[in-house]
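*Asks:* Handing you a structure now.
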Amino acid sequence: MALPTTIELQIVTPDKLVLKENVDEVEIPGSQGYFGVLPGHTPLLAGLAVGELWYRKGQEKTYVSIAFGFAEVLPDRVTVLARLAERADDIDIERAEAARARAEKRLSGAQQSAVDYERARTALLKSLARLNVSSRIGVGPRTGGMKRLRNQS
């Protein structure tokens with residue numbers, strides 16, 4: 001049996017089908033770190049973290065903000081079932097900036113429970129992922145505050 005030459009990528013949230021395209025490569029924010037998928041990948045099921053998923057068609061990379069859920073990887077298909085997923089064009093930058101400011105303010109508070117801290121940290125991660133994805137239209141890969149925050153947990 002010949003290896004597939006492309007991957008059918010589907011990104012689904014509880015509300016809608018966000019994306020269904022044939023792509024050459026995908027990088028996914030897994031709960032244990034980012035992982036890449038090429039056609040013919042070994043099947044796996046992985047938990048998702050907050051971060052930036054990107055996929056490549058030819059030389060063009062496209063970014064999607066992802067938060068929590070699962071990814072099913074098969075040799076010819078990747079299905080991402082995410083709690084939240086937004087394309088760069090769909091992100092409201094002002095709303096994401098406001099969410100980041102609120103989360104940073106909550107994190108700077110001296111007296112807070114571990115639950116409040118974790119909720120604020122998660123909100124900050126989601127807002128940073130959305131802002132990073134929205135800034136990636138036509139831009140190559142870059143690293144930023146997302147990886148530092150994810151590594152703190």
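Note on naming: chains are A, B, ... as they come in the structure tokens, residues start from 1 per chain, ligands start from 1 in the order shown.
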Tell me, as a PDB file with N, CA and C atoms, in the first residue's frame, which residues lie within 12 Å of stretch 45-47 of chain A, counting only C-alpha atoms; anything in the same chain fewer than 6 positions away does not count.
*Replies:*
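around-v1.pdb written:
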```pdb
ATOM      1  N   ILE A  28       0.789  20.530  15.840  1.00  0.00           N
ATOM      2  CA  ILE A  28      -0.326  20.597  16.780  1.00  0.00           C
ATOM      3  C   ILE A  28       0.196  20.822  18.199  1.00  0.00           C
ATOM      4  N   PRO A  29      -0.465  21.712  18.972  1.00  0.00           N
ATOM      5  CA  PRO A  29      -0.056  21.908  20.368  1.00  0.00           C
ATOM      6  C   PRO A  29      -0.610  20.809  21.270  1.00  0.00           C
ATOM      7  N   GLY A  30       0.139  19.754  21.463  1.00  0.00           N
ATOM      8  CA  GLY A  30      -0.294  18.653  22.317  1.00  0.00           C
ATOM      9  C   GLY A  30      -0.093  18.976  23.786  1.00  0.00           C
ATOM     10  N   SER A  31      -0.749  18.240  24.635  1.00  0.00           N
ATOM     11  CA  SER A  31      -0.629  18.488  26.073  1.00  0.00           C
ATOM     12  C   SER A  31       0.782  18.190  26.589  1.00  0.00           C
ATOM     13  N   GLN A  32       1.551  17.389  25.860  1.00  0.00           N
ATOM     14  CA  GLN A  32       2.929  17.081  26.237  1.00  0.00           C
ATOM     15  C   GLN A  32       3.945  17.829  25.383  1.00  0.00           C
ATOM     16  N   GLY A  33       3.478  18.782  24.583  1.00  0.00           N
ATOM     17  CA  GLY A  33       4.349  19.561  23.715  1.00  0.00           C
ATOM     18  C   GLY A  33       3.861  19.505  22.279  1.00  0.00           C
ATOM     19  N   TYR A  34       4.426  20.354  21.452  1.00  0.00           N
ATOM     20  CA  TYR A  34       4.034  20.407  20.043  1.00  0.00           C
ATOM     21  C   TYR A  34       4.519  19.150  19.322  1.00  0.00           C
ATOM     22  N   PHE A  35       3.713  18.673  18.360  1.00  0.00           N
ATOM     23  CA  PHE A  35       4.142  17.544  17.546  1.00  0.00           C
ATOM     24  C   PHE A  35       3.717  17.758  16.100  1.00  0.00           C
ATOM     25  N   GLY A  36       4.561  17.282  15.197  1.00  0.00           N
ATOM     26  CA  GLY A  36       4.319  17.439  13.775  1.00  0.00           C
ATOM     27  C   GLY A  36       3.763  16.166  13.168  1.00  0.00           C
ATOM     28  N   ILE A  66      -5.831  27.270  19.037  1.00  0.00           N
ATOM     29  CA  ILE A  66      -6.497  26.070  19.540  1.00  0.00           C
ATOM     30  C   ILE A  66      -6.451  26.085  21.065  1.00  0.00           C
ATOM     31  N   ALA A  67      -7.519  25.598  21.685  1.00  0.00           N
ATOM     32  CA  ALA A  67      -7.512  25.452  23.142  1.00  0.00           C
ATOM     33  C   ALA A  67      -8.232  24.168  23.533  1.00  0.00           C
ATOM     34  N   PHE A  68      -7.504  23.264  24.114  1.00  0.00           N
ATOM     35  CA  PHE A  68      -8.001  22.032  24.725  1.00  0.00           C
ATOM     36  C   PHE A  68      -8.759  21.132  23.747  1.00  0.00           C
ATOM     37  N   GLY A  69      -8.855  19.876  24.094  1.00  0.00           N
ATOM     38  CA  GLY A  69      -9.549  18.897  23.276  1.00  0.00           C
ATOM     39  C   GLY A  69      -8.645  17.723  22.964  1.00  0.00           C
ATOM     40  N   PHE A  70      -8.871  17.126  21.787  1.00  0.00           N
ATOM     41  CA  PHE A  70      -8.135  15.926  21.380  1.00  0.00           C
ATOM     42  C   PHE A  70      -7.816  15.987  19.892  1.00  0.00           C
ATOM     43  N   ALA A  71      -6.758  15.292  19.503  1.00  0.00           N
ATOM     44  CA  ALA A  71      -6.401  15.146  18.091  1.00  0.00           C
ATOM     45  C   ALA A  71      -6.271  13.659  17.785  1.00  0.00           C
ATOM     46  N   GLU A  72      -6.944  13.231  16.737  1.00  0.00           N
ATOM     47  CA  GLU A  72      -6.804  11.861  16.253  1.00  0.00           C
ATOM     48  C   GLU A  72      -5.972  11.927  14.983  1.00  0.00           C
ATOM     49  N   VAL A  73      -4.862  11.199  14.981  1.00  0.00           N
ATOM     50  CA  VAL A  73      -3.964  11.180  13.829  1.00  0.00           C
ATOM     51  C   VAL A  73      -4.029   9.799  13.192  1.00  0.00           C
ATOM     52  N   LEU A  74      -4.303   9.783  11.907  1.00  0.00           N
ATOM     53  CA  LEU A  74      -4.274   8.570  11.096  1.00  0.00           C
ATOM     54  C   LEU A  74      -3.313   8.829   9.938  1.00  0.00           C
ATOM     55  N   VAL A  78      -6.104  13.898   9.898  1.00  0.00           N
ATOM     56  CA  VAL A  78      -5.964  14.419  11.258  1.00  0.00           C
ATOM     57  C   VAL A  78      -7.276  15.098  11.603  1.00  0.00           C
ATOM     58  N   THR A  79      -7.892  14.639  12.692  1.00  0.00           N
ATOM     59  CA  THR A  79      -9.125  15.248  13.168  1.00  0.00           C
ATOM     60  C   THR A  79      -8.835  15.894  14.510  1.00  0.00           C
ATOM     61  N   VAL A  80      -9.066  17.207  14.596  1.00  0.00           N
ATOM     62  CA  VAL A  80      -8.852  17.953  15.828  1.00  0.00           C
ATOM     63  C   VAL A  80     -10.223  18.311  16.391  1.00  0.00           C
ATOM     64  N   LEU A  81     -10.503  17.806  17.583  1.00  0.00           N
ATOM     65  CA  LEU A  81     -11.734  18.130  18.296  1.00  0.00           C
ATOM     66  C   LEU A  81     -11.337  19.080  19.411  1.00  0.00           C
ATOM     67  N   ALA A  82     -11.563  20.369  19.209  1.00  0.00           N
ATOM     68  CA  ALA A  82     -11.080  21.387  20.141  1.00  0.00           C
ATOM     69  C   ALA A  82     -12.243  22.108  20.820  1.00  0.00           C
ATOM     70  N   ARG A  83     -12.003  22.491  22.065  1.00  0.00           N
ATOM     71  CA  ARG A  83     -13.000  23.291  22.767  1.00  0.00           C
ATOM     72  C   ARG A  83     -13.127  24.660  22.096  1.00  0.00           C
TER      73      ARG A  83
END
```
*Asks:* Determine, counting only C-alpha atoms, which protein, DNA and RNA residues have an atom within 12 Å of an atom of A:Arg136; residues of the same chain fewer than 4 positions away are not included. Present the result as number ranges by chain.
*Replies:* A: 52-54, 60-65, 87-89, 91, 129-132, 140-143
*Asks:* Write to file, as a PDB file, in the first residue's frame, the residues of the selection just made, with C-alpha atoms.
*Replies:*
```pdb
ATOM      1  CA  GLU A  52      -1.037  27.631  17.807  1.00  0.00           C
ATOM      2  CA  LEU A  53      -1.769  24.889  15.315  1.00  0.00           C
ATOM      3  CA  TRP A  54      -0.288  25.458  11.883  1.00  0.00           C
ATOM      4  CA  GLU A  60       2.051  28.559   2.528  1.00  0.00           C
ATOM      5  CA  LYS A  61       1.563  28.158   6.287  1.00  0.00           C
ATOM      6  CA  THR A  62      -1.752  28.955   7.959  1.00  0.00           C
ATOM      7  CA  TYR A  63      -2.217  29.341  11.707  1.00  0.00           C
ATOM      8  CA  VAL A  64      -5.182  28.508  13.936  1.00  0.00           C
ATOM      9  CA  SER A  65      -5.563  29.271  17.652  1.00  0.00           C
ATOM     10  CA  ARG A  87      -8.537  31.228  12.332  1.00  0.00           C
ATOM     11  CA  ALA A  88      -6.446  34.402  12.224  1.00  0.00           C
ATOM     12  CA  ASP A  89      -9.105  36.208  10.170  1.00  0.00           C
ATOM     13  CA  ILE A  91      -9.929  36.770  15.809  1.00  0.00           C
ATOM     14  CA  ALA A 129      -2.393  32.275  21.410  1.00  0.00           C
ATOM     15  CA  ARG A 130      -5.147  34.306  19.754  1.00  0.00           C
ATOM     16  CA  LEU A 131      -2.905  37.381  19.492  1.00  0.00           C
ATOM     17  CA  ASN A 132       0.020  35.355  18.123  1.00  0.00           C
ATOM     18  CA  GLY A 140       6.992  32.895   9.359  1.00  0.00           C
ATOM     19  CA  PRO A 141       7.413  30.891  12.575  1.00  0.00           C
ATOM     20  CA  ARG A 142       8.392  32.637  15.790  1.00  0.00           C
ATOM     21  CA  THR A 143       8.440  31.851  19.492  1.00  0.00           C
TER      22      THR A 143
END
```
*Asks:* With only C-alpha atoms as the atoms that count, which of A:Glu86, A:Glu118, A:Asp76, A:Glu94 lies nearest to A:Asp15?
*Replies:*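 Closest candidate: A:Glu86.
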*Asks:* Closest to A:Ala85 among A:Leu128, A:Ile7, A:Ala123, A:Val50, using only C-alpha atoms?
*Replies:*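 Closest residue, counting only C-alpha atoms: A:Val50.
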*Asks:* So, counting only C-alpha atoms, which residue among A:Lys126, A:Lys57, A:Arg121, A:Lys105 is closest to A:Asn22?
*Replies:*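 The answer is A:Lys57, which sits nearest to A:Asn22.
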